[in-house]
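K.L.:
query.txt is reproduced in full below (compact mmCIF, C-alpha atoms).
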# COMPACT_ATOMS: atom_id res chain seq x y z
CA MET R 1348 79.15 34.17 44.52
CA ARG R 1349 76.54 32.16 46.43
CA LEU R 1350 72.81 31.49 46.39
CA ALA R 1351 70.42 32.81 49.00
CA ASN R 1352 69.76 30.50 51.92
CA ARG R 1353 66.08 30.30 51.01
CA ILE R 1354 67.03 28.57 47.76
CA ALA R 1355 69.27 26.10 49.58
CA THR R 1356 66.29 24.92 51.67
CA LEU R 1357 64.07 24.25 48.67
CA PRO R 1358 63.74 20.72 47.29
CA PRO R 1359 63.61 20.27 43.51
CA TYR R 1360 60.00 20.63 42.35
CA LEU R 1361 58.49 17.16 42.03
CA PHE R 1362 57.27 17.26 38.45
CA ALA R 1363 60.31 19.11 37.15
CA GLU R 1364 62.34 16.10 38.32
CA VAL R 1365 59.73 13.73 36.90
CA ASN R 1366 60.10 15.32 33.48
CA LYS R 1367 63.86 14.74 33.62
CA ARG R 1368 63.39 11.05 34.40
CA ILE R 1369 60.84 10.59 31.64
CA ALA R 1370 62.96 12.51 29.13
CA ALA R 1371 65.91 10.24 29.88
CA LYS R 1372 63.80 7.14 29.20
CA ARG R 1373 62.38 8.57 26.01
CA ALA R 1374 65.90 9.39 24.85
CA GLN R 1375 66.58 5.65 25.15
CA GLY R 1376 63.65 4.97 22.82
CA VAL R 1377 61.14 4.01 25.52
CA ASP R 1378 57.49 4.90 24.88
CA VAL R 1379 56.76 6.25 28.34
CA ILE R 1380 53.15 6.63 29.45
CA ASN R 1381 53.19 9.45 32.00
CA LEU R 1382 50.54 8.96 34.68
CA GLY R 1383 52.08 11.61 36.91
CA ILE R 1384 50.93 15.21 36.72
CA GLY R 1385 47.25 16.17 36.82
CA ASP R 1386 47.30 18.16 33.59
CA PRO R 1387 43.82 18.01 31.99
CA ASP R 1388 43.98 16.57 28.49
CA LEU R 1389 40.38 17.48 27.63
CA PRO R 1390 40.23 21.00 26.15
CA PRO R 1391 37.85 23.65 27.46
CA PRO R 1392 34.46 24.08 25.76
CA ALA R 1393 34.61 25.99 22.47
CA HIS R 1394 32.90 29.13 23.80
CA ILE R 1395 35.69 29.59 26.38
CA VAL R 1396 38.42 29.31 23.75
CA GLU R 1397 36.54 31.67 21.43
CA ALA R 1398 36.28 34.23 24.22
CA VAL R 1399 40.06 34.44 24.74
CA GLN R 1400 40.69 34.54 21.00
CA LYS R 1401 38.30 37.45 20.56
CA ALA R 1402 39.64 39.30 23.62
CA ALA R 1403 43.25 38.88 22.48
CA ALA R 1404 42.41 40.72 19.26
CA GLU R 1405 41.38 43.84 21.15
CA PRO R 1406 44.07 46.55 21.46
CA ALA R 1407 43.38 46.94 25.19
CA ALA R 1408 44.41 43.32 25.77
CA HIS R 1409 48.04 44.24 25.16
CA ARG R 1410 48.20 46.91 27.85
CA TYR R 1411 48.77 46.36 31.56
CA PRO R 1412 45.74 44.67 33.14
CA ASN R 1413 43.86 45.72 36.26
CA TYR R 1414 46.15 44.93 39.22
CA TYR R 1415 43.29 43.65 41.38
CA GLY R 1416 41.40 41.88 38.62
CA LEU R 1417 38.50 43.07 36.48
CA PRO R 1418 35.44 43.85 38.65
CA GLU R 1419 33.32 41.89 36.17
CA LEU R 1420 35.51 38.82 36.66
CA LYS R 1421 35.21 38.96 40.44
CA GLU R 1422 31.45 39.43 40.13
CA ALA R 1423 31.28 36.40 37.83
CA PHE R 1424 33.09 34.24 40.35
CA ALA R 1425 30.93 35.46 43.25
CA HIS R 1426 27.80 34.66 41.22
CA TRP R 1427 29.14 31.20 40.35
CA PHE R 1428 30.11 30.56 43.98
CA ALA R 1429 26.66 31.53 45.29
CA GLY R 1430 25.00 29.20 42.82
CA ARG R 1431 27.34 26.31 43.58
CA PHE R 1432 27.68 26.56 47.36
CA GLY R 1433 24.90 28.89 48.49
CA VAL R 1434 27.40 31.35 49.99
CA SER R 1435 27.25 35.05 49.09
CA LEU R 1436 30.58 36.81 48.62
CA ASP R 1437 31.32 40.51 48.30
CA PRO R 1438 33.02 40.50 44.87
CA GLN R 1439 35.24 43.50 45.56
CA ASN R 1440 36.40 42.61 49.08
CA GLU R 1441 36.13 38.84 49.34
CA VAL R 1442 37.38 37.69 45.93
CA THR R 1443 40.82 38.10 44.35
CA PRO R 1444 42.13 36.35 41.22
CA VAL R 1445 45.48 34.58 41.24
CA ALA R 1446 47.67 33.25 38.45
CA GLY R 1447 46.67 29.71 39.29
CA THR R 1448 46.27 28.31 42.80
CA LYS R 1449 49.91 27.18 42.90
CA GLU R 1450 51.02 30.80 42.63
CA GLY R 1451 48.50 31.88 45.25
CA LEU R 1452 49.50 29.12 47.66
CA ILE R 1453 53.18 30.03 47.30
CA HIS R 1454 52.62 33.74 47.88
CA LEU R 1455 50.01 33.62 50.64
CA PRO R 1456 52.53 32.73 53.39
CA TRP R 1457 54.53 35.82 52.39
CA ALA R 1458 51.57 37.89 53.55
CA LEU R 1459 50.85 35.95 56.75
CA VAL R 1460 53.99 34.19 57.98
CA ASP R 1461 57.05 35.68 59.66
CA PRO R 1462 60.34 33.82 60.18
CA GLY R 1463 59.87 31.26 62.93
CA ASP R 1464 56.09 31.00 62.51
CA VAL R 1465 54.67 27.51 62.01
CA VAL R 1466 52.46 26.38 59.14
CA LEU R 1467 50.42 23.22 59.69
CA LEU R 1468 50.56 21.13 56.51
CA PRO R 1469 48.87 17.88 55.46
CA ASP R 1470 51.26 14.96 54.90
CA PRO R 1471 50.98 13.58 52.26
CA GLY R 1472 50.22 16.91 50.62
CA TYR R 1473 50.75 19.15 47.62
CA PRO R 1474 54.47 20.16 47.62
CA PRO R 1475 53.90 23.95 47.15
CA TYR R 1476 52.40 24.13 50.67
CA ALA R 1477 55.84 23.52 52.12
CA VAL R 1478 57.64 25.55 49.45
CA GLY R 1479 55.61 28.68 50.21
CA THR R 1480 56.23 28.19 53.90
CA LEU R 1481 60.00 27.85 53.47
CA LEU R 1482 60.25 30.87 51.17
CA ALA R 1483 58.47 32.96 53.82
CA GLY R 1484 60.90 31.77 56.49
CA GLY R 1485 58.26 29.68 58.21
CA GLU R 1486 58.54 26.20 59.68
CA PRO R 1487 56.43 23.44 58.12
CA TYR R 1488 54.77 21.08 60.61
CA ALA R 1489 53.45 17.87 59.06
CA MET R 1490 49.98 16.69 60.06
CA PRO R 1491 49.81 12.96 59.25
CA LEU R 1492 46.99 11.90 56.94
CA LEU R 1493 46.35 8.22 57.58
CA ALA R 1494 44.08 5.72 55.86
CA GLU R 1495 42.52 4.65 59.16
CA ARG R 1496 41.35 8.23 59.73
CA GLY R 1497 39.96 8.64 56.23
CA TRP R 1498 43.00 10.75 55.29
CA GLN R 1499 41.96 13.51 57.69
CA PRO R 1500 44.35 15.23 60.13
CA ASP R 1501 43.89 14.83 63.87
CA LEU R 1502 43.93 18.44 65.06
CA ARG R 1503 43.86 17.32 68.70
CA ALA R 1504 47.22 15.59 68.23
CA ILE R 1505 49.04 18.84 67.38
CA PRO R 1506 51.27 19.74 70.35
CA ALA R 1507 50.19 22.84 72.26
CA ASP R 1508 53.52 24.59 71.76
CA VAL R 1509 53.32 24.02 67.99
CA ALA R 1510 49.73 25.24 67.80
CA ALA R 1511 50.68 28.37 69.75
CA ARG R 1512 53.24 29.30 67.07
CA ALA R 1513 51.08 28.35 64.10
CA ARG R 1514 49.84 31.04 61.70
CA LEU R 1515 48.26 28.86 59.01
CA LEU R 1516 46.39 25.55 58.89
CA ILE R 1517 46.20 24.16 55.34
CA LEU R 1518 43.55 21.65 54.28
CA CYS R 1519 42.69 20.18 50.87
CA TYR R 1520 39.46 18.33 49.99
CA PRO R 1521 38.90 16.64 47.63
CA ASN R 1522 42.41 15.70 48.65
CA ASN R 1523 45.52 15.74 46.55
CA PRO R 1524 47.17 13.22 46.40
CA THR R 1525 44.95 10.70 48.20
CA GLY R 1526 41.63 11.46 46.50
CA ALA R 1527 39.93 11.47 49.92
CA THR R 1528 36.62 13.26 50.34
CA LEU R 1529 34.75 14.45 53.43
CA PRO R 1530 31.56 12.61 54.37
CA ASP R 1531 30.26 15.70 56.17
CA LEU R 1532 31.40 19.10 57.46
CA THR R 1533 32.80 17.85 60.77
CA LEU R 1534 36.48 18.43 59.92
CA PHE R 1535 35.74 21.94 58.67
CA GLU R 1536 33.82 22.68 61.86
CA GLU R 1537 36.73 21.41 63.95
CA ALA R 1538 39.10 23.59 61.91
CA VAL R 1539 37.02 26.71 62.61
CA ALA R 1540 37.08 25.99 66.35
CA PHE R 1541 40.82 25.25 66.24
CA ALA R 1542 41.52 28.51 64.39
CA ARG R 1543 39.58 30.53 66.94
CA GLN R 1544 41.36 28.82 69.82
CA HIS R 1545 44.84 29.39 68.42
CA ASP R 1546 44.35 32.66 66.48
CA LEU R 1547 45.39 31.29 63.11
CA VAL R 1548 44.07 31.30 59.55
CA VAL R 1549 42.60 28.24 57.83
CA VAL R 1550 43.49 27.92 54.14
CA HIS R 1551 41.40 25.42 52.21
CA ASP R 1552 42.67 24.30 48.81
CA ALA R 1553 39.50 23.40 46.89
CA ALA R 1554 41.15 23.04 43.48
CA TYR R 1555 39.27 19.79 42.77
CA SER R 1556 35.83 20.83 43.97
CA GLU R 1557 34.26 20.43 40.52
CA VAL R 1558 35.66 17.00 39.67
CA TYR R 1559 33.30 14.50 41.34
CA TYR R 1560 31.58 11.17 40.77
CA ASP R 1561 28.85 8.80 41.92
CA GLY R 1562 26.47 11.52 43.08
CA TYR R 1563 28.96 13.12 45.48
CA ARG R 1564 29.43 16.93 45.40
CA PRO R 1565 32.31 18.37 47.45
CA PRO R 1566 31.43 21.09 49.97
CA SER R 1567 33.13 24.45 50.48
CA PHE R 1568 34.89 25.29 53.74
CA LEU R 1569 33.06 28.63 53.64
CA GLN R 1570 29.72 26.84 54.07
CA VAL R 1571 30.56 26.26 57.74
CA PRO R 1572 29.30 28.94 60.16
CA GLY R 1573 32.19 31.17 61.21
CA ALA R 1574 34.52 29.98 58.45
CA ARG R 1575 34.72 33.35 56.75
CA GLU R 1576 35.91 34.96 59.97
CA VAL R 1577 38.90 32.61 60.28
CA GLY R 1578 39.63 31.26 56.83
CA VAL R 1579 39.92 31.51 53.07
CA GLU R 1580 39.58 29.11 50.16
CA PHE R 1581 41.36 28.66 46.82
CA HIS R 1582 39.53 27.62 43.66
CA SER R 1583 41.10 26.61 40.36
CA LEU R 1584 39.87 27.12 36.82
CA SER R 1585 42.68 24.79 35.75
CA LYS R 1586 40.80 21.73 36.98
CA THR R 1587 37.24 23.05 36.70
CA TYR R 1588 37.43 24.20 33.07
CA SER R 1589 40.64 22.54 31.78
CA MET R 1590 42.41 25.92 31.71
CA ALA R 1591 45.68 24.74 33.29
CA GLY R 1592 47.82 26.46 30.66
CA TRP R 1593 46.13 29.81 31.16
CA ARG R 1594 46.81 30.12 34.92
CA LEU R 1595 43.71 31.50 36.60
CA GLY R 1596 42.27 30.80 40.03
CA PHE R 1597 40.70 32.64 42.96
CA LEU R 1598 41.18 33.22 46.66
CA VAL R 1599 37.92 33.91 48.48
CA GLY R 1600 36.91 34.62 52.06
CA ASN R 1601 37.37 37.46 54.48
CA ALA R 1602 39.35 36.36 57.51
CA GLN R 1603 40.32 39.45 59.50
CA VAL R 1604 43.95 39.61 60.57
CA ASP R 1605 44.66 42.20 63.26
CA ARG R 1606 48.43 41.79 62.87
CA PHE R 1607 48.18 43.69 59.59
CA SER R 1608 46.54 46.73 61.16
CA HIS R 1609 49.78 48.67 60.58
CA ALA R 1610 49.70 48.04 56.83
CA LEU R 1611 48.93 50.66 54.20
CA ASP R 1612 46.33 50.38 51.51
CA ALA R 1613 46.91 51.23 47.83
CA ASP R 1614 46.56 54.96 48.59
CA GLY R 1615 49.02 54.88 51.50
CA VAL R 1616 46.29 55.11 54.12
CA ALA R 1617 46.60 52.96 57.24
CA CYS R 1618 44.38 49.86 57.12
CA GLU R 1619 42.57 48.34 60.05
CA ASN R 1620 41.58 44.69 60.18
CA LEU R 1621 43.09 43.99 56.80
CA SER R 1622 41.62 40.77 55.41
CA VAL R 1623 43.64 37.84 54.15
CA VAL R 1624 42.17 38.27 50.67
CA LYS R 1625 43.18 41.93 50.54
CA ALA R 1626 46.60 41.14 52.01
CA LEU R 1627 47.35 38.73 49.17
CA ALA R 1628 45.92 41.13 46.58
CA ASP R 1629 48.08 43.98 47.87
CA LEU R 1630 51.16 41.76 48.01
CA LYS R 1631 50.65 40.70 44.41
CA THR R 1632 50.54 44.31 43.19
CA ASN R 1633 54.19 44.45 44.24
CA ILE R 1634 55.08 41.13 42.61
CA ASP R 1635 53.25 41.03 39.29
CA SER R 1636 51.26 43.38 37.07
CA GLY R 1637 48.00 41.46 37.14
CA ILE R 1638 46.54 38.63 35.09
CA PRO R 1639 46.39 39.30 31.32
CA THR R 1640 43.07 40.86 30.39
CA ALA R 1641 42.28 38.28 27.71
CA ILE R 1642 42.67 35.49 30.26
CA GLN R 1643 40.35 37.31 32.66
CA VAL R 1644 37.77 37.57 29.87
CA MET R 1645 38.26 33.86 29.24
CA GLY R 1646 37.54 33.19 32.91
CA MET R 1647 34.35 35.26 32.73
CA ALA R 1648 33.17 33.20 29.76
CA ALA R 1649 33.82 30.00 31.69
CA LEU R 1650 32.05 31.12 34.86
CA ASN R 1651 29.08 32.77 33.13
CA GLY R 1652 28.60 30.17 30.42
CA ASP R 1653 26.86 26.82 30.13
CA GLN R 1654 27.98 24.55 32.97
CA SER R 1655 26.63 21.30 31.50
CA TRP R 1656 30.13 20.50 30.20
CA ILE R 1657 31.30 19.80 33.77
CA PRO R 1658 29.15 16.69 34.46
CA ALA R 1659 29.82 15.46 30.92
CA ARG R 1660 33.56 15.86 31.51
CA ASN R 1661 33.31 14.19 34.92
CA ALA R 1662 31.67 11.16 33.30
CA ILE R 1663 34.82 10.72 31.21
CA TYR R 1664 37.04 10.93 34.28
CA ALA R 1665 34.79 8.46 36.11
CA ARG R 1666 35.15 5.99 33.24
CA ARG R 1667 38.92 6.37 33.40
CA ARG R 1668 38.90 5.94 37.18
CA ASP R 1669 37.06 2.64 36.80
CA LEU R 1670 39.42 1.52 34.05
CA VAL R 1671 42.44 2.16 36.30
CA CYS R 1672 41.04 0.73 39.53
CA ASP R 1673 39.68 -2.38 37.83
CA GLY R 1674 42.94 -2.88 35.96
CA LEU R 1675 45.06 -2.59 39.10
CA ALA R 1676 42.76 -4.96 40.98
CA VAL R 1677 43.63 -7.66 38.47
CA ILE R 1678 47.26 -7.56 39.61
CA GLY R 1679 46.32 -7.41 43.29
CA LEU R 1680 46.90 -3.71 43.98
CA ARG R 1681 44.50 -2.12 46.48
CA THR R 1682 43.16 1.11 45.00
CA PRO R 1683 39.80 2.33 46.38
CA LYS R 1684 37.71 4.23 43.85
CA PRO R 1685 37.73 7.95 44.77
CA LYS R 1686 34.51 9.95 44.74
CA ALA R 1687 36.23 13.10 43.51
CA GLY R 1688 39.49 14.49 42.16
CA LEU R 1689 41.78 13.51 39.31
CA TYR R 1690 43.82 10.79 41.04
CA VAL R 1691 43.85 7.16 42.06
CA TRP R 1692 45.91 6.55 45.22
CA GLY R 1693 47.03 2.98 45.69
CA GLN R 1694 49.25 0.83 47.90
CA VAL R 1695 52.46 -0.54 46.46
CA PRO R 1696 52.94 -4.32 46.41
CA GLN R 1697 54.28 -5.97 49.54
CA GLY R 1698 58.05 -5.74 49.78
CA TYR R 1699 58.30 -2.54 47.77
CA SER R 1700 58.86 1.08 48.71
CA SER R 1701 57.13 3.88 46.83
CA GLN R 1702 60.35 4.67 44.96
CA SER R 1703 61.30 1.09 44.12
CA PHE R 1704 57.84 0.33 42.73
CA SER R 1705 57.81 3.51 40.64
CA LEU R 1706 61.27 2.71 39.25
CA GLN R 1707 60.29 -0.85 38.37
CA ALA R 1708 57.13 0.38 36.63
CA ILE R 1709 59.02 2.78 34.40
CA ASP R 1710 61.96 0.43 33.79
CA GLU R 1711 59.94 -2.71 33.00
CA ALA R 1712 56.68 -1.28 31.66
CA GLY R 1713 57.50 2.24 30.52
CA VAL R 1714 54.78 3.58 32.83
CA PHE R 1715 55.45 6.43 35.23
CA LEU R 1716 53.59 6.29 38.56
CA THR R 1717 54.23 9.09 41.03
CA PRO R 1718 55.79 7.62 44.21
CA GLY R 1719 53.73 8.52 47.27
CA ASP R 1720 56.67 9.64 49.37
CA SER R 1721 57.10 12.56 46.95
CA TYR R 1722 54.19 14.13 48.86
CA GLY R 1723 55.68 13.59 52.33
CA GLN R 1724 56.86 10.81 54.59
CA HIS R 1725 53.33 9.58 55.25
CA GLY R 1726 52.91 8.95 51.54
CA GLU R 1727 55.45 6.13 51.76
CA GLY R 1728 53.97 2.82 50.65
CA TYR R 1729 51.65 4.42 48.09
CA PHE R 1730 51.64 5.63 44.49
CA ARG R 1731 49.47 8.12 42.59
CA ILE R 1732 47.97 7.81 39.11
CA SER R 1733 46.52 10.79 37.24
CA LEU R 1734 43.37 10.36 35.17
CA THR R 1735 44.32 13.15 32.74
CA VAL R 1736 45.44 10.66 30.09
CA PRO R 1737 43.38 9.46 27.10
CA ASP R 1738 41.47 6.22 27.62
CA ASP R 1739 43.53 4.23 25.13
CA ARG R 1740 46.81 5.19 26.82
CA LEU R 1741 45.40 4.35 30.25
CA ALA R 1742 44.25 0.97 28.96
CA GLU R 1743 47.71 0.37 27.48
CA ALA R 1744 49.33 1.36 30.80
CA MET R 1745 47.18 -1.16 32.68
CA ARG R 1746 48.07 -3.84 30.14
CA ARG R 1747 51.77 -3.14 30.59
CA LEU R 1748 51.58 -3.12 34.39
CA LYS R 1749 50.06 -6.58 34.35
CA GLY R 1750 53.40 -7.78 32.99
CA LEU R 1751 55.44 -6.54 35.95
CA LYS R 1752 57.45 -9.21 37.76
CA LEU R 1753 56.11 -8.50 41.26
Take the structure in the file and write it out as structure tokens.

P.N.:
Amino acid sequence: MRLANRIATLPPYLFAEVNKRIAAKRAQGVDVINLGIGDPDLPPPAHIVEAVQKAAAEPAAHRYPNYYGLPELKEAFAHWFAGRFGVSLDPQNEVTPVAGTKEGLIHLPWALVDPGDVVLLPDPGYPPYAVGTLLAGGEPYAMPLLAERGWQPDLRAIPADVAARARLLILCYPNNPTGATLPDLTLFEEAVAFARQHDLVVVHDAAYSEVYYDGYRPPSFLQVPGAREVGVEFHSLSKTYSMAGWRLGFLVGNAQVDRFSHALDADGVACENLSVVKALADLKTNIDSGIPTAIQVMGMAALNGDQSWIPARNAIYARRRDLVCDGLAVIGLRTPKPKAGLYVWGQVPQGYSSQSFSLQAIDEAGVFLTPGDSYGQHGEGYFRISLTVPDDRLAEAMRRLKGLKL
């Protein structure tokens, strides 16, 4: 008996391994403060929780849900998107729900990438970008994100032969893990031109678009002229409404992909110019049975309800960001204050690697910091701290880190 080759190529998932390390320390009696995963600790507003409770009591909630998502849910997201970004979406053809953006990002390459195709990935970057690529038989190509370039990829540096084989270009702003934001739409405009030149699809991961500070508001890739013809964008209710445990997000856009012209629609009729959004939606009908109806109703309540909770929530994250950055500055660690996202990205002390600093922090202080090289080779020399930890625990973590023998 043997495993499939696709499993042999997969690395252990970062935070699954993190949990093992933390569990081992806790078994030794160590009070570990986990500053790793971006798992929102602030619960959703009460009206969102009440909506799922009420929906779960309905008999229909226990039957198979709509494979493509409730039309009312897709309309709610399109309405929210138009109000937030000024971009009108066709709810039925340009919006599809996913069971969290991680699931969508893993499955999207299955619809677009054949064995041997290249996927252009940010490095450092969210690990599922590479995982989805490998599972589809594709070849990940790392685009370095460097501090001197504002953590933006240099599309002109991608070799011509690599670009010719590329099917996807993945971007993420506000960026995970670096917290970088875009000062304007220039990178998105360059990505549209690059996609047209090389006949590929741009995938923008906008999971952190609604976590922002200091007057900054992240843009959408779809705000750029021509973006909808070449690209799509993921949005996450996990980060926007603290619904991480409920697994609901969206893929939006309408990039036309001629290579799928041979595909069949749900009725077995040949499709022409099948869009990326529809390709993923059709793929998912063969993988899962849709998102539970009660969770879809919960998402509608979040999108249609009072949005004033978001700036109030962001004020809490901003306070935590300042607590962390100011605390690290005391011990000489360079950690610029991000304008968006849930993370502080800092440089390790001189003489340390990402791994050695993370190990010393958990061994000496009982504080877990995610080593930057977990997100790719260009994350070496950095660490990431999540702000999804109560203020008192963050303050205690900073106090403990001051005692490190650096």

K.L.:
For Arg1667 (chain R), which residue among R:Tyr1560, R:Tyr1473, R:Tyr1699, R:Tyr1520 is the nearest when counting all atoms listed in the file?

P.N.:
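Of R:Tyr1560, R:Tyr1473, R:Tyr1699, R:Tyr1520, the one nearest Arg1667 (chain R), counting all atoms listed in the file, is R:Tyr1560.
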
K.L.:
When distances are computed from all atoms listed in the file, which of R:Gly1479, R:Pro1566, R:Pro1444, R:Gly1600 shows the smallest separation from Leu1420 (chain R)?

P.N.:
R:Pro1444

K.L.:
For Pro1658 (chain R), please output as a ChimeraX atom specification all residues within 12 Å (counting only C-alpha atoms; exclusion window: fewer than 6 positions along the same chain).

P.N.:
/R:1557-1564,1587-1588,1664-1665

K.L.:
Please identify all polymer residues within 12 Å of Gly1723 (chain R), counting only C-alpha atoms, omitting same-chain residues fewer than 5 positions from it, and present them as a PyMOL selection string.

P.N.:
chain R and resi 1358+1361+1468-1477+1487-1493+1523-1525+1701+1718+1728-1730

K.L.:
Just the residues within 9 Å of Phe1432 (chain R), please, counting only C-alpha atoms, with nothing from its chain fewer than 2 positions along; format it as a ChimeraX atom specification.

P.N.:
/R:1427-1430,1434-1435,1566-1567,1569-1570

K.L.:
Pick out the closest residue to Val1571 (chain R) from this set: R:Pro1456, R:Gly1698, R:Leu1516, R:Gly1433. Count all atoms listed in the file.

P.N.:
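Looking only at the distances to Val1571 (chain R), the closest residue turns out to be R:Gly1433.
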
K.L.:
Fewer than 3 positions away in the same chain doesn't count, so skip those; otherwise give me all residues within 8 Å of region 1690-1694 of chain R, counting all atoms listed in the file, as a PyMOL selection string.

P.N.:
chain R and resi 1385+1523-1526+1668+1671-1672+1680-1685+1728-1734

K.L.:
Would you be able to write out as a list in words which residues have an atom within 7 Å of (35.4, 33.2, 44.9) in the file's coordinates, counting all atoms listed in the file?

P.N.:
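Selection result: Phe1424, Ala1425, Phe1428, Val1442, Phe1597, Leu1598 and Val1599 of chain R.
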
K.L.:
Write the residues of the preceding selection, restricted to C-alpha atoms, as a PDB file, keeping the file's coordinate frame.

P.N.:
ATOM      1  CA  PHE R1424      33.090  34.240  40.350  1.00  0.00           C
ATOM      2  CA  ALA R1425      30.930  35.460  43.250  1.00  0.00           C
ATOM      3  CA  PHE R1428      30.110  30.560  43.980  1.00  0.00           C
ATOM      4  CA  VAL R1442      37.380  37.690  45.930  1.00  0.00           C
ATOM      5  CA  PHE R1597      40.700  32.640  42.960  1.00  0.00           C
ATOM      6  CA  LEU R1598      41.180  33.220  46.660  1.00  0.00           C
ATOM      7  CA  VAL R1599      37.920  33.910  48.480  1.00  0.00           C
TER       8      VAL R1599
END

K.L.:
Counting only C-alpha atoms, which residues sit no farther than 12 Å from the position (49.6, 33.9, 48.8) in the file's frame? I'd like them as a PyMOL selection string.

P.N.:
chain R and resi 1443-1460+1475-1476+1478-1480+1482-1483+1515+1550+1552+1579-1581+1596-1599+1623-1632+1634

K.L.:
Excluding Ala1511 (chain R) and any residue of its chain fewer than 4 positions from it, enumerate the residues within 10 Å of it, using all atoms listed in the file, and give them as a short mmCIF file (atom, residue, chain, number, x, y, z; two decimals) with C-alpha atoms, keeping the file's coordinate frame.

P.N.:
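Saved as around-v9.cif:
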data_model
loop_
_atom_site.label_atom_id
_atom_site.label_comp_id
_atom_site.auth_asym_id
_atom_site.auth_seq_id
_atom_site.Cartn_x
_atom_site.Cartn_y
_atom_site.Cartn_z
CA ASP R 1464 56.09 31.00 62.51
CA VAL R 1465 54.67 27.51 62.01
CA ILE R 1505 49.04 18.84 67.38
CA PRO R 1506 51.27 19.74 70.35
CA ALA R 1507 50.19 22.84 72.26
CA GLN R 1544 41.36 28.82 69.82
CA HIS R 1545 44.84 29.39 68.42
CA ASP R 1546 44.35 32.66 66.48
CA LEU R 1547 45.39 31.29 63.11
#

K.L.:
Using all atoms listed in the file, pick whichever of R:Gly1573, R:Gly1688, R:Pro1521, R:Gly1719 has the shortest atom-to-atom distance to Ser1703 (chain R).

P.N.:
R:Gly1719

K.L.:
Between R:Ala1403, R:Ala1538, R:Leu1595, R:Leu1467, which has the minimum distance to Glu1576 (chain R) (counting only C-alpha atoms)?

P.N.:
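Looking only at the distances to Glu1576 (chain R), the closest residue turns out to be R:Ala1538.
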
K.L.:
Of the residues R:Ser1556, R:Arg1503, R:His1409, R:Asn1601, which is the one nearest to Pro1438 (chain R), using all atoms listed in the file?

P.N.:
R:Asn1601

K.L.:
Quick one: pull the distance between CA of Asp1437 (chain R) and CA of Glu1422 (chain R), Å, one decimal.

P.N.:
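It comes out at 8.2 Å.
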
K.L.:
As an exercise, work out the distance from CA of Val1695 (chain R) to CA of Lys1372 (chain R) in Å and give it to one decimal place.

P.N.:
22.0 Å

K.L.:
Interatomic distance between CA of Leu1350 (chain R) and CA of Ala1370 (chain R)?

P.N.:
27.5 Å
